[in-house]
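S.K.: Could you have a look at this structure, given as structure tokens, before my questions?
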Amino acid sequence: MEIVSRWLPNSTHFQLGTWQLNEAGNQITLTITPIRTIAQCPVCDVPARRIHSHYTRTLADLPWGGYGVRLQLHVWKFFCMVAGCKRHIFTERLCGVAPWTRRTQRLGEQLTAIGLALGGAGGARLSNCLGLSVSHDTLLWLVRRVPL
């Protein structure tokens, strides 16, 4: 478990719960929980301690040795206790994981680099050979998001 947890994105903020290997589907699934139980409100920046609930997000990560990696990430929702704040309930922000994406930041960076180098169709073919399942449209979308 110690070695596996070192390969996680930003392993200082996450704790590995369980992992499963699906050899038929060439898939590794890791269950991950954040270590801290305090989060700052994204609107007023005041630390919140009161937990509202939690939910599970599924993220794609870089492949390991030919196996695709899926992260089952348990994320906390908090109450913002500041009276004048617009946001009453918010989801914690995690380092290396944007709140709306379905892939880790480091996987997005790799796909963007492939898209910049090879474009859509060629980049998709190379990505699939490397174990990164992505369409040519997604690669072109990532390239368009790169600032000039």
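So you can find residues: chains in the structure tokens are A, B, ... in the order shown, residues in each start at 1, and ligands are numbered from 1 in order.
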As an mmCIF file with N, CA and C atoms, in the first residue's frame, please: the residues near stretch 118-133 of chain A (cut-off 9 Å, only C-alpha atoms, same-chain neighbours under 2 positions excluded).

M.R.:
data_model
loop_
_atom_site.group_PDB
_atom_site.id
_atom_site.type_symbol
_atom_site.label_atom_id
_atom_site.label_comp_id
_atom_site.auth_asym_id
_atom_site.auth_seq_id
_atom_site.Cartn_x
_atom_site.Cartn_y
_atom_site.Cartn_z
ATOM 1 N N ASP A 61 -6.652 8.647 -14.533
ATOM 2 C CA ASP A 61 -5.287 9.073 -14.236
ATOM 3 C C ASP A 61 -4.347 8.424 -15.238
ATOM 4 N N LEU A 62 -3.080 8.763 -15.155
ATOM 5 C CA LEU A 62 -2.081 8.182 -16.046
ATOM 6 C C LEU A 62 -2.047 6.664 -15.888
ATOM 7 N N PRO A 63 -1.856 5.924 -16.982
ATOM 8 C CA PRO A 63 -1.800 4.459 -16.880
ATOM 9 C C PRO A 63 -0.526 3.986 -16.189
ATOM 10 N N TRP A 64 -0.624 2.821 -15.566
ATOM 11 C CA TRP A 64 0.517 2.190 -14.889
ATOM 12 C C TRP A 64 0.800 0.860 -15.566
ATOM 13 N N GLY A 66 0.672 -0.395 -18.526
ATOM 14 C CA GLY A 66 -0.304 -0.946 -19.458
ATOM 15 C C GLY A 66 -1.709 -1.061 -18.899
ATOM 16 N N TYR A 67 -1.914 -0.717 -17.641
ATOM 17 C CA TYR A 67 -3.238 -0.759 -17.027
ATOM 18 C C TYR A 67 -3.798 0.657 -16.913
ATOM 19 N N GLY A 68 -5.045 0.834 -17.318
ATOM 20 C CA GLY A 68 -5.717 2.102 -17.122
ATOM 21 C C GLY A 68 -6.016 2.290 -15.638
ATOM 22 N N LEU A 107 -2.820 14.014 -16.063
ATOM 23 C CA LEU A 107 -3.271 13.346 -17.276
ATOM 24 C C LEU A 107 -3.667 14.380 -18.320
ATOM 25 N N LEU A 111 -2.126 14.760 -22.129
ATOM 26 C CA LEU A 111 -2.971 14.756 -23.327
ATOM 27 C C LEU A 111 -2.822 16.052 -24.109
ATOM 28 N N ALA A 113 -0.106 17.899 -24.264
ATOM 29 C CA ALA A 113 1.190 17.826 -24.946
ATOM 30 C C ALA A 113 1.098 16.937 -26.189
ATOM 31 N N ILE A 114 0.392 15.825 -26.088
ATOM 32 C CA ILE A 114 0.220 14.948 -27.258
ATOM 33 C C ILE A 114 -0.580 15.659 -28.337
ATOM 34 N N GLY A 115 -1.630 16.365 -27.934
ATOM 35 C CA GLY A 115 -2.445 17.101 -28.903
ATOM 36 C C GLY A 115 -1.670 18.208 -29.592
ATOM 37 N N LEU A 116 -0.831 18.919 -28.839
ATOM 38 C CA LEU A 116 -0.019 19.971 -29.438
ATOM 39 C C LEU A 116 1.012 19.409 -30.417
ATOM 40 N N SER A 135 -10.548 10.728 -27.508
ATOM 41 C CA SER A 135 -10.938 10.953 -28.897
ATOM 42 C C SER A 135 -10.154 12.122 -29.485
ATOM 43 N N HIS A 136 -10.173 12.209 -30.803
ATOM 44 C CA HIS A 136 -9.471 13.318 -31.467
ATOM 45 C C HIS A 136 -10.129 14.651 -31.139
ATOM 46 N N ASP A 137 -11.450 14.653 -30.959
ATOM 47 C CA ASP A 137 -12.143 15.891 -30.603
ATOM 48 C C ASP A 137 -11.707 16.409 -29.234
ATOM 49 N N THR A 138 -11.515 15.506 -28.282
ATOM 50 C CA THR A 138 -11.067 15.908 -26.952
ATOM 51 C C THR A 138 -9.669 16.504 -27.004
ATOM 52 N N LEU A 139 -8.786 15.891 -27.785
ATOM 53 C CA LEU A 139 -7.434 16.439 -27.916
ATOM 54 C C LEU A 139 -7.452 17.834 -28.532
ATOM 55 N N LEU A 140 -8.261 18.031 -29.548
ATOM 56 C CA LEU A 140 -8.347 19.357 -30.171
ATOM 57 C C LEU A 140 -8.957 20.370 -29.199
ATOM 58 N N VAL A 143 -6.206 21.401 -26.885
ATOM 59 C CA VAL A 143 -5.260 22.280 -27.561
ATOM 60 C C VAL A 143 -5.825 23.696 -27.651
#

S.K.: Determine, for each residue of stretch 48-144 of chain A having at least one atom at most 6 Å from an atom of stretch 14-35 of chain A, the closest pair of atoms and their separation in Å to one decimal, counting only C-alpha atoms; order by chain and ascending number, as CSV.

M.R.:
residue,atom,partner,partner_atom,distance
A:Tyr67,CA,A:Asn26,CA,4.8
A:Gly68,CA,A:Gln27,CA,4.8
A:Val69,CA,A:Ile28,CA,4.9
A:Arg70,CA,A:Thr29,CA,4.8
A:Leu71,CA,A:Leu30,CA,4.9
A:Gln72,CA,A:Thr31,CA,4.7
A:Leu73,CA,A:Ile32,CA,4.9
A:His74,CA,A:Thr33,CA,5.1

S.K.: Give me every strand (DSSP E or B) residue in stretch 20-137 of chain A, going by DSSP on the backbone, as a PyMOL selection string.

M.R.: chain A and resi 20-22+27-34+39-40+47-48+51-64+67-79+89-91+94+97+103

S.K.: Include C-alpha atoms and write out the residues we just selected as a PDB file, in the first residue's frame.

M.R.:
ATOM      1  CA  GLN A  20      -8.726  -3.507  -7.208  1.00  0.00           C
ATOM      2  CA  LEU A  21      -7.068  -5.014 -10.251  1.00  0.00           C
ATOM      3  CA  ASN A  22      -9.287  -6.071 -13.147  1.00  0.00           C
ATOM      4  CA  GLN A  27      -8.023  -1.619 -15.244  1.00  0.00           C
ATOM      5  CA  ILE A  28      -6.799  -0.610 -11.778  1.00  0.00           C
ATOM      6  CA  THR A  29      -9.339   1.096  -9.507  1.00  0.00           C
ATOM      7  CA  LEU A  30      -8.113   3.008  -6.463  1.00  0.00           C
ATOM      8  CA  THR A  31     -10.396   4.259  -3.699  1.00  0.00           C
ATOM      9  CA  ILE A  32      -9.021   7.506  -2.309  1.00  0.00           C
ATOM     10  CA  THR A  33     -10.100   9.816   0.515  1.00  0.00           C
ATOM     11  CA  PRO A  34      -8.751  13.277   1.335  1.00  0.00           C
ATOM     12  CA  ALA A  39     -11.712  23.284   3.671  1.00  0.00           C
ATOM     13  CA  GLN A  40     -11.761  26.944   2.718  1.00  0.00           C
ATOM     14  CA  PRO A  47     -12.047  27.729   6.792  1.00  0.00           C
ATOM     15  CA  ALA A  48     -15.049  25.468   7.318  1.00  0.00           C
ATOM     16  CA  ILE A  51     -19.307  18.626   7.083  1.00  0.00           C
ATOM     17  CA  HIS A  52     -22.540  18.535   5.106  1.00  0.00           C
ATOM     18  CA  SER A  53     -22.117  15.252   3.200  1.00  0.00           C
ATOM     19  CA  HIS A  54     -19.823  13.463   0.779  1.00  0.00           C
ATOM     20  CA  TYR A  55     -19.987  11.999  -2.699  1.00  0.00           C
ATOM     21  CA  THR A  56     -17.783   9.941  -4.992  1.00  0.00           C
ATOM     22  CA  ARG A  57     -16.142  11.199  -8.166  1.00  0.00           C
ATOM     23  CA  THR A  58     -14.495   8.967 -10.745  1.00  0.00           C
ATOM     24  CA  LEU A  59     -11.347  10.328 -12.344  1.00  0.00           C
ATOM     25  CA  ALA A  60      -9.005   8.956 -14.983  1.00  0.00           C
ATOM     26  CA  ASP A  61      -5.287   9.073 -14.236  1.00  0.00           C
ATOM     27  CA  LEU A  62      -2.081   8.182 -16.046  1.00  0.00           C
ATOM     28  CA  PRO A  63      -1.800   4.459 -16.880  1.00  0.00           C
ATOM     29  CA  TRP A  64       0.517   2.190 -14.889  1.00  0.00           C
ATOM     30  CA  TYR A  67      -3.238  -0.759 -17.027  1.00  0.00           C
ATOM     31  CA  GLY A  68      -5.717   2.102 -17.122  1.00  0.00           C
ATOM     32  CA  VAL A  69      -6.155   3.798 -13.743  1.00  0.00           C
ATOM     33  CA  ARG A  70      -9.461   4.984 -12.325  1.00  0.00           C
ATOM     34  CA  LEU A  71      -9.589   6.930  -9.080  1.00  0.00           C
ATOM     35  CA  GLN A  72     -12.728   6.648  -6.952  1.00  0.00           C
ATOM     36  CA  LEU A  73     -12.341   9.890  -5.017  1.00  0.00           C
ATOM     37  CA  HIS A  74     -14.500  10.511  -1.940  1.00  0.00           C
ATOM     38  CA  VAL A  75     -15.055  14.255  -1.674  1.00  0.00           C
ATOM     39  CA  TRP A  76     -16.503  16.187   1.275  1.00  0.00           C
ATOM     40  CA  LYS A  77     -19.133  18.916   1.110  1.00  0.00           C
ATOM     41  CA  PHE A  78     -18.998  21.582   3.802  1.00  0.00           C
ATOM     42  CA  PHE A  79     -21.254  24.239   5.287  1.00  0.00           C
ATOM     43  CA  ILE A  89     -22.716  24.564   0.880  1.00  0.00           C
ATOM     44  CA  PHE A  90     -19.536  23.950  -1.087  1.00  0.00           C
ATOM     45  CA  THR A  91     -17.319  21.088  -2.199  1.00  0.00           C
ATOM     46  CA  LEU A  94      -8.372  19.358  -4.053  1.00  0.00           C
ATOM     47  CA  VAL A  97      -7.888  17.911  -9.346  1.00  0.00           C
ATOM     48  CA  ARG A 103      -9.319  13.431 -15.282  1.00  0.00           C
TER      49      ARG A 103
END

S.K.: Would you mind writing down, as a list in words, each residue of stretch 32-108 of chain A that DSSP on the backbone assigns to helix (DSSP H, G or I)?

M.R.: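 Those in stretch 32-108 of chain A that DSSP calls helix (DSSP H, G or I) are Gln105, Arg106, Leu107 and Gly108 of chain A.
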